>>> print(open('my_file14.txt').read())   # compact mmCIF, C-alpha atoms
# COMPACT_ATOMS: atom_id res chain seq x y z
CA MET A 1 113.02 82.48 103.89
CA LYS A 2 114.26 82.53 100.31
CA TYR A 3 117.30 84.55 99.25
CA ARG A 4 118.44 86.11 95.99
CA LEU A 5 121.71 87.60 94.82
CA LEU A 6 121.84 91.38 94.90
CA GLY A 7 122.47 92.26 91.27
CA ARG A 8 125.77 90.89 90.03
CA THR A 9 127.31 90.84 93.50
CA GLY A 10 127.85 87.67 95.50
CA VAL A 11 125.67 89.01 98.31
CA TRP A 12 122.53 87.10 99.26
CA VAL A 13 119.56 89.13 100.45
CA SER A 14 116.18 87.90 101.63
CA GLU A 15 113.33 88.11 99.14
CA ILE A 16 111.40 90.02 101.80
CA SER A 17 113.13 93.10 103.16
CA LEU A 18 112.27 95.30 106.11
CA GLY A 19 111.53 98.96 105.38
CA THR A 20 111.81 101.44 108.23
CA MET A 21 109.87 104.52 107.12
CA THR A 22 107.48 103.90 110.03
CA PHE A 23 110.25 104.13 112.64
CA GLY A 24 110.17 107.29 114.78
CA GLY A 25 108.59 110.67 114.13
CA ALA A 26 105.86 110.51 116.79
CA THR A 27 105.72 114.29 117.21
CA HIS A 28 106.26 115.14 113.54
CA PRO A 29 103.22 116.43 111.58
CA VAL A 30 103.98 114.15 108.59
CA TRP A 31 106.01 111.21 109.88
CA GLY A 32 103.65 110.85 112.83
CA SER A 33 100.88 109.62 110.52
CA LEU A 34 103.05 106.89 108.97
CA GLY A 35 103.56 104.73 112.01
CA ALA A 36 105.59 106.66 114.60
CA LEU A 37 106.99 103.46 116.11
CA GLY A 38 108.98 103.98 119.29
CA ARG A 39 111.94 102.09 120.72
CA GLU A 40 110.04 99.07 122.08
CA ASP A 41 108.01 98.59 118.89
CA VAL A 42 111.10 98.97 116.71
CA ASP A 43 112.95 96.35 118.77
CA ARG A 44 109.99 93.99 118.39
CA VAL A 45 109.66 94.53 114.62
CA VAL A 46 113.39 94.20 113.94
CA GLY A 47 113.74 91.16 116.18
CA THR A 48 110.78 89.43 114.57
CA ALA A 49 112.13 90.15 111.09
CA LEU A 50 115.61 88.82 111.84
CA ASP A 51 114.24 85.73 113.56
CA ALA A 52 112.13 85.03 110.45
CA GLY A 53 115.25 85.07 108.26
CA ILE A 54 115.06 88.60 106.88
CA ASN A 55 118.60 89.88 106.47
CA PHE A 56 117.99 92.97 104.31
CA ILE A 57 116.94 96.18 106.08
CA ASP A 58 116.47 99.51 104.31
CA THR A 59 116.24 103.00 105.80
CA ALA A 60 117.09 106.61 104.83
CA ASP A 61 118.60 109.61 106.59
CA PHE A 62 115.44 111.53 105.68
CA TYR A 63 113.01 109.22 107.49
CA SER A 64 111.69 110.92 110.64
CA ASP A 65 114.49 113.47 110.34
CA GLY A 66 117.12 110.85 111.12
CA GLU A 67 115.28 109.16 113.98
CA SER A 68 114.60 106.06 111.88
CA GLU A 69 118.33 105.46 111.48
CA GLU A 70 118.94 106.13 115.17
CA LEU A 71 116.28 103.66 116.31
CA LEU A 72 117.45 101.04 113.83
CA GLY A 73 121.05 101.40 114.95
CA GLN A 74 120.04 100.97 118.58
CA SER A 75 117.88 97.97 117.79
CA LEU A 76 120.47 96.07 115.77
CA ARG A 77 123.09 96.22 118.52
CA GLN A 78 124.79 92.80 118.59
CA ARG A 79 123.05 91.59 115.42
CA ARG A 80 124.63 94.03 113.00
CA GLN A 81 126.61 91.27 111.29
CA ASP A 82 123.37 89.41 110.52
CA VAL A 83 122.13 92.27 108.33
CA VAL A 84 122.75 93.70 104.89
CA LEU A 85 122.13 97.28 105.93
CA ALA A 86 120.97 99.83 103.36
CA THR A 87 120.30 103.53 103.70
CA LYS A 88 119.74 106.45 101.35
CA LEU A 89 120.63 110.11 100.95
CA TYR A 90 119.43 113.12 98.97
CA SER A 91 116.51 114.76 100.79
CA PRO A 92 116.95 117.69 103.21
CA THR A 93 118.49 116.80 106.56
CA GLY A 94 118.81 120.37 107.77
CA ALA A 95 117.82 123.95 107.05
CA GLY A 96 120.99 125.00 105.24
CA PRO A 97 121.28 125.18 101.43
CA ASN A 98 123.90 122.39 101.40
CA HIS A 99 121.98 119.97 103.61
CA ASN A 100 120.47 118.16 100.63
CA GLY A 101 121.25 116.98 97.14
CA LEU A 102 124.11 114.87 95.83
CA SER A 103 127.11 117.19 95.85
CA ARG A 104 130.40 115.77 97.12
CA LEU A 105 130.02 118.03 100.15
CA HIS A 106 126.62 116.62 101.07
CA VAL A 107 127.44 113.00 100.20
CA MET A 108 130.43 112.96 102.57
CA ARG A 109 128.58 114.81 105.31
CA ALA A 110 125.45 112.66 105.01
CA LEU A 111 127.50 109.46 105.06
CA GLU A 112 129.31 110.36 108.28
CA ASN A 113 126.02 111.34 109.94
CA SER A 114 124.32 108.10 108.89
CA LEU A 115 127.23 106.02 110.17
CA GLN A 116 126.96 107.76 113.51
CA ARG A 117 123.20 107.34 113.79
CA LEU A 118 123.32 103.69 112.70
CA ARG A 119 126.17 102.96 115.13
CA THR A 120 128.22 101.18 112.51
CA ASP A 121 131.55 101.66 110.74
CA HIS A 122 130.19 100.82 107.30
CA ILE A 123 127.00 100.75 105.24
CA ASP A 124 126.45 97.72 103.07
CA LEU A 125 124.33 99.43 100.40
CA TYR A 126 124.43 103.22 100.11
CA GLN A 127 121.78 104.57 97.72
CA ILE A 128 120.97 107.93 96.21
CA HIS A 129 117.29 108.57 96.91
CA GLN A 130 116.54 110.70 93.85
CA PHE A 131 118.24 112.16 90.80
CA ASP A 132 119.94 115.50 91.41
CA HIS A 133 119.41 117.77 88.41
CA LEU A 134 121.82 120.41 89.75
CA THR A 135 124.87 118.31 90.59
CA PRO A 136 126.78 116.64 87.75
CA ILE A 137 126.35 112.89 88.09
CA GLU A 138 130.13 112.56 87.68
CA GLU A 139 130.65 114.44 90.95
CA THR A 140 128.19 112.22 92.81
CA LEU A 141 129.62 108.98 91.46
CA SER A 142 133.16 110.06 92.27
CA ALA A 143 132.20 110.83 95.87
CA LEU A 144 130.41 107.48 96.22
CA ASP A 145 133.40 105.66 94.75
CA ASP A 146 135.66 107.34 97.30
CA ALA A 147 133.35 106.12 100.08
CA VAL A 148 133.67 102.56 98.76
CA ARG A 149 137.47 102.80 98.51
CA GLN A 150 137.59 104.16 102.07
CA GLY A 151 135.73 101.08 103.29
CA LYS A 152 132.81 103.07 104.65
CA VAL A 153 130.45 101.69 101.97
CA ARG A 154 130.42 98.21 100.48
CA TYR A 155 128.12 98.76 97.48
CA ILE A 156 126.22 101.67 95.97
CA GLY A 157 122.73 101.80 94.52
CA CYS A 158 119.98 104.19 93.52
CA ALA A 159 116.27 104.73 94.07
CA ASN A 160 113.53 106.30 91.95
CA LEU A 161 115.67 106.90 88.87
CA ALA A 162 114.62 106.48 85.25
CA ALA A 163 116.18 103.70 83.18
CA TRP A 164 118.19 106.18 81.10
CA GLN A 165 119.59 107.84 84.24
CA ILE A 166 120.78 104.51 85.63
CA SER A 167 122.28 103.51 82.27
CA GLN A 168 124.10 106.84 82.04
CA ALA A 169 125.51 106.42 85.54
CA LEU A 170 126.66 102.86 84.84
CA GLY A 171 128.44 104.01 81.71
CA ILE A 172 130.25 106.81 83.53
CA SER A 173 131.29 104.49 86.37
CA ALA A 174 132.64 101.93 83.91
CA GLN A 175 134.51 104.59 81.94
CA HIS A 176 136.32 105.79 85.07
CA ASN A 177 136.77 102.35 86.67
CA GLN A 178 134.58 103.36 89.60
CA ALA A 179 132.10 101.45 91.71
CA GLY A 180 128.77 101.32 89.91
CA PHE A 181 125.17 100.89 90.98
CA VAL A 182 124.44 97.28 91.87
CA SER A 183 120.74 97.83 92.55
CA ALA A 184 117.81 100.14 91.95
CA GLN A 185 114.99 100.64 94.44
CA VAL A 186 111.69 101.10 92.63
CA TYR A 187 107.99 101.40 93.33
CA TYR A 188 106.21 98.26 92.15
CA SER A 189 102.81 96.81 93.04
CA LEU A 190 99.69 95.45 91.38
CA LEU A 191 98.54 99.07 91.08
CA GLY A 192 101.83 100.44 89.79
CA ARG A 193 103.57 98.39 87.10
CA ASP A 194 105.28 101.18 85.17
CA ILE A 195 108.76 99.70 85.72
CA GLU A 196 107.92 96.81 83.42
CA ARG A 197 108.26 99.07 80.37
CA GLU A 198 111.87 100.22 80.65
CA LEU A 199 113.37 99.67 84.10
CA VAL A 200 112.97 95.89 84.19
CA PRO A 201 114.47 95.32 80.70
CA MET A 202 117.35 97.67 81.56
CA ALA A 203 117.99 95.89 84.87
CA GLU A 204 118.02 92.49 83.18
CA ALA A 205 120.41 93.69 80.49
CA GLN A 206 122.78 95.45 82.88
CA GLY A 207 122.62 93.00 85.79
CA VAL A 208 121.15 95.57 88.18
CA GLY A 209 119.19 94.16 91.09
CA LEU A 210 115.70 95.53 91.70
CA THR A 211 114.48 96.13 95.23
CA VAL A 212 110.85 97.10 95.68
CA TRP A 213 109.23 99.68 97.90
CA SER A 214 105.54 99.77 98.79
CA PRO A 215 104.47 96.45 97.20
CA LEU A 216 101.09 96.91 98.94
CA ALA A 217 100.68 100.44 97.54
CA GLY A 218 101.06 102.14 100.89
CA GLY A 219 98.68 99.67 102.55
CA PHE A 220 95.95 100.12 99.96
CA LEU A 221 96.24 96.43 99.03
CA SER A 222 96.53 95.20 102.61
CA GLY A 223 92.81 94.55 103.05
CA LYS A 224 92.35 97.62 105.23
CA VAL A 225 90.78 99.49 102.32
CA THR A 226 87.66 98.26 100.53
CA ARG A 227 85.26 99.73 97.98
CA ASP A 228 83.19 100.92 100.93
CA GLY A 229 86.04 102.81 102.56
CA VAL A 230 88.78 102.31 105.14
CA THR A 231 88.18 99.44 107.58
CA ASP A 232 91.04 100.30 109.95
CA ALA A 233 90.55 103.60 111.76
CA GLY A 234 94.21 103.66 112.72
CA SER A 235 95.62 103.34 109.21
CA ARG A 236 97.34 106.11 107.31
CA HIS A 237 94.50 106.08 104.76
CA ALA A 238 92.02 106.87 107.52
CA ALA A 239 94.25 109.76 108.52
CA GLY A 240 94.08 111.10 104.98
CA TYR A 241 97.70 110.31 104.11
CA GLU A 242 98.07 108.27 100.92
CA PHE A 243 101.49 107.53 99.53
CA PRO A 244 101.88 106.42 96.83
CA PRO A 245 98.86 108.44 95.66
CA ILE A 246 95.91 106.30 94.59
CA ASP A 247 93.54 107.05 91.75
CA ARG A 248 90.47 105.42 93.26
CA GLU A 249 88.38 105.85 90.12
CA ARG A 250 90.78 104.17 87.74
CA GLY A 251 92.33 101.82 90.26
CA TYR A 252 96.02 102.54 89.86
CA VAL A 253 98.78 104.69 91.26
CA GLU A 254 99.86 107.94 89.66
CA LEU A 255 103.46 108.47 90.65
CA ASP A 256 105.74 111.23 89.44
CA VAL A 257 109.03 110.76 91.23
CA VAL A 258 111.17 110.54 88.09
CA ARG A 259 111.53 113.59 85.92
>>> encode(input="my_file14.txt", output="structure tokens")
Amino acid sequence: MKYRLLGRTGVWVSEISLGTMTFGGATHPVWGSLGALGREDVDRVVGTALDAGINFIDTADFYSDGESEELLGQSLRQRRQDVVLATKLYSPTGAGPNHNGLSRLHVMRALENSLQRLRTDHIDLYQIHQFDHLTPIEETLSALDDAVRQGKVRYIGCANLAAWQISQALGISAQHNQAGFVSAQVYYSLLGRDIERELVPMAEAQGVGLTVWSPLAGGFLSGKVTRDGVTDAGSRHAAGYEFPPIDRERGYVELDVVR
């Protein structure tokens, strides 16, 4: 396994990371079509990944309504110290109006819940999953900085943000001597290369590490999908669930997660 530094930190992470969106959700109408891995399968996947040298595992409180974090926390058990553990917040985790977004209220609540589900006293990389257009970014960054100063979070990052949004956040963090984003999680594959226009140059200039989600375009590039159709009856494409969305005529992904 090869390792790279995470942004301008001194932390080494494996070039290949383990995503956990397929963990849990067997009875859920949406998450059930993405994998719905149970406890035994999760233990096998996590164990195989760690034994292969993968030390970077990413999840989110939103995945399978929190079950992904729970299963991952159970599976790591005595191997927690072998892992750079990342999770994300933003999406709804409950029915109430304050169970989503990036307000200080939700950041603190979501962090405590993730710590409990993951069975750990700290998260190595805590990431905002989207940009919150309702909450001032200053409020979010201040709450995340408090979490770092409390020792509950080691580093903070972001996912699915535009280059200008990340640059703005970095400037605000620097102005107030707060912890800043060390990484950005982005969609990048042979079918989706949009980040090369602005995000990659920004990341290089600012020293922000880039972590990639869905490098196989949701399995579209895995070999299970051909010009004649889906070759694996058990795949998510056979079930009619395609994420990221694929434009089959033009051969690339149309993704609108940044506004």
>>> closest_atom_pairs(input="my_file14.txt", of="region 78-149 of chain A", to="region 200-219 of chain A", cutoff="12 Å", atoms="all atoms listed in the file", output="tab-separated table")
residue	atom	partner	partner_atom	distance
A:Ala86	CA	A:Thr211	CA	11.0
A:Leu125	CA	A:Thr211	CA	11.6
A:Gln127	CA	A:Thr211	CA	11.4
>>> atom_distance(input="my_file14.txt", atom1="CA of Thr59 (chain A)", atom2="CA of Val42 (chain A)")
12.7 Å
>>> closest_residue(input="my_file14.txt", among="A:Ser33, A:Thr87, A:Gln150, A:Thr120", to="Thr20 (chain A)", atoms="only C-alpha atoms")
A:Thr87
>>> closest_residue(input="my_file14.txt", among="A:Ser14, A:Ser114, A:Asn177, A:Thr140", to="Ser68 (chain A)", atoms="all atoms listed in the file")
A:Ser114
>>> atom_distance(input="my_file14.txt", atom1="CA of Phe181 (chain A)", atom2="CA of Gly94 (chain A)")
26.5 Å
>>> closest_residue(input="my_file14.txt", among="A:Ser64, A:Asn98, A:Thr226, A:Ser173", to="Met21 (chain A)", atoms="all atoms listed in the file")
A:Ser64
>>> residues_around(input="my_file14.txt", residues="Leu6 (chain A)", least_positions_apart="2", cutoff="8 Å", atoms="only C-alpha atoms", output="mmCIF file with C-alpha atoms, in the coordinates of the input")
data_model
loop_
_atom_site.group_PDB
_atom_site.id
_atom_site.type_symbol
_atom_site.label_atom_id
_atom_site.label_comp_id
_atom_site.auth_asym_id
_atom_site.auth_seq_id
_atom_site.Cartn_x
_atom_site.Cartn_y
_atom_site.Cartn_z
ATOM 1 C CA ARG A 4 118.440 86.110 95.990
ATOM 2 C CA ARG A 8 125.770 90.890 90.030
ATOM 3 C CA THR A 9 127.310 90.840 93.500
ATOM 4 C CA GLY A 10 127.850 87.670 95.500
ATOM 5 C CA VAL A 11 125.670 89.010 98.310
ATOM 6 C CA TRP A 12 122.530 87.100 99.260
ATOM 7 C CA VAL A 13 119.560 89.130 100.450
ATOM 8 C CA VAL A 182 124.440 97.280 91.870
ATOM 9 C CA SER A 183 120.740 97.830 92.550
ATOM 10 C CA VAL A 208 121.150 95.570 88.180
ATOM 11 C CA GLY A 209 119.190 94.160 91.090
#
>>> residues_near_point(input="my_file14.txt", point="(123.7, 102.1, 94.1)", cutoff="9 Å", atoms="only C-alpha atoms", output="ChimeraX atom specification")
/A:125-128,144,155-159,179-185
>>> atom_distance(input="my_file14.txt", atom1="CA of Val107 (chain A)", atom2="CA of Leu71 (chain A)")
21.7 Å
>>> residues_around(input="my_file14.txt", residues="Arg154 (chain A)", least_positions_apart="4", cutoff="9 Å", atoms="all atoms listed in the file", output="list in words")
His122, Ile123, Asp124, Leu125, Tyr126, Ala147, Val148 and Arg149 of chain A
>>> residues_around(input="my_file14.txt", residues="Thr22 (chain A)", least_positions_apart="5", cutoff="9 Å", atoms="all atoms listed in the file", output="JSON, numbers by chain")
{"A": [31, 32, 33, 34, 35, 36, 37, 63, 64, 68]}
>>> residues_around(input="my_file14.txt", residues="Glu70 (chain A)", least_positions_apart="6", cutoff="10 Å", atoms="all atoms listed in the file", output="list of chain:residue names")
A:Phe23, A:Gly24, A:Arg39, A:Asp61, A:Ser64, A:Ser114, A:Leu115, A:Gln116, A:Arg117, A:Leu118, A:Arg119
>>> closest_residue(input="my_file14.txt", among="A:Ser91, A:Ser189, A:Asn113, A:Ser167", to="Asp132 (chain A)", atoms="all atoms listed in the file")
A:Ser91
>>> closest_residue(input="my_file14.txt", among="A:Asp146, A:Glu198, A:Glu139, A:Asp65", to="Leu161 (chain A)", atoms="only C-alpha atoms")
A:Glu198
>>> residues_around(input="my_file14.txt", residues="Glu15 (chain A)", least_positions_apart="2", cutoff="8 Å", atoms="all atoms listed in the file", output="mmCIF file with C-alpha atoms, keeping the file's coordinate frame")
data_model
loop_
_atom_site.group_PDB
_atom_site.id
_atom_site.type_symbol
_atom_site.label_atom_id
_atom_site.label_comp_id
_atom_site.auth_asym_id
_atom_site.auth_seq_id
_atom_site.Cartn_x
_atom_site.Cartn_y
_atom_site.Cartn_z
ATOM 1 C CA MET A 1 113.020 82.480 103.890
ATOM 2 C CA LYS A 2 114.260 82.530 100.310
ATOM 3 C CA TYR A 3 117.300 84.550 99.250
ATOM 4 C CA ARG A 4 118.440 86.110 95.990
ATOM 5 C CA VAL A 13 119.560 89.130 100.450
ATOM 6 C CA SER A 17 113.130 93.100 103.160
ATOM 7 C CA ILE A 54 115.060 88.600 106.880
#
>>> closest_residue(input="my_file14.txt", among="A:Pro244, A:Glu40, A:Glu138, A:Gly151", to="Tyr187 (chain A)", atoms="all atoms listed in the file")
A:Pro244
>>> axis_aligned_box(input="my_file14.txt", around="region 206-209 of chain A", padding_each_side="8 Å", output="lines of an AutoDock Vina configuration file")
center_x = 121.0
center_y = 94.3
center_z = 87.0
size_x = 19.6
size_y = 18.6
size_z = 24.2
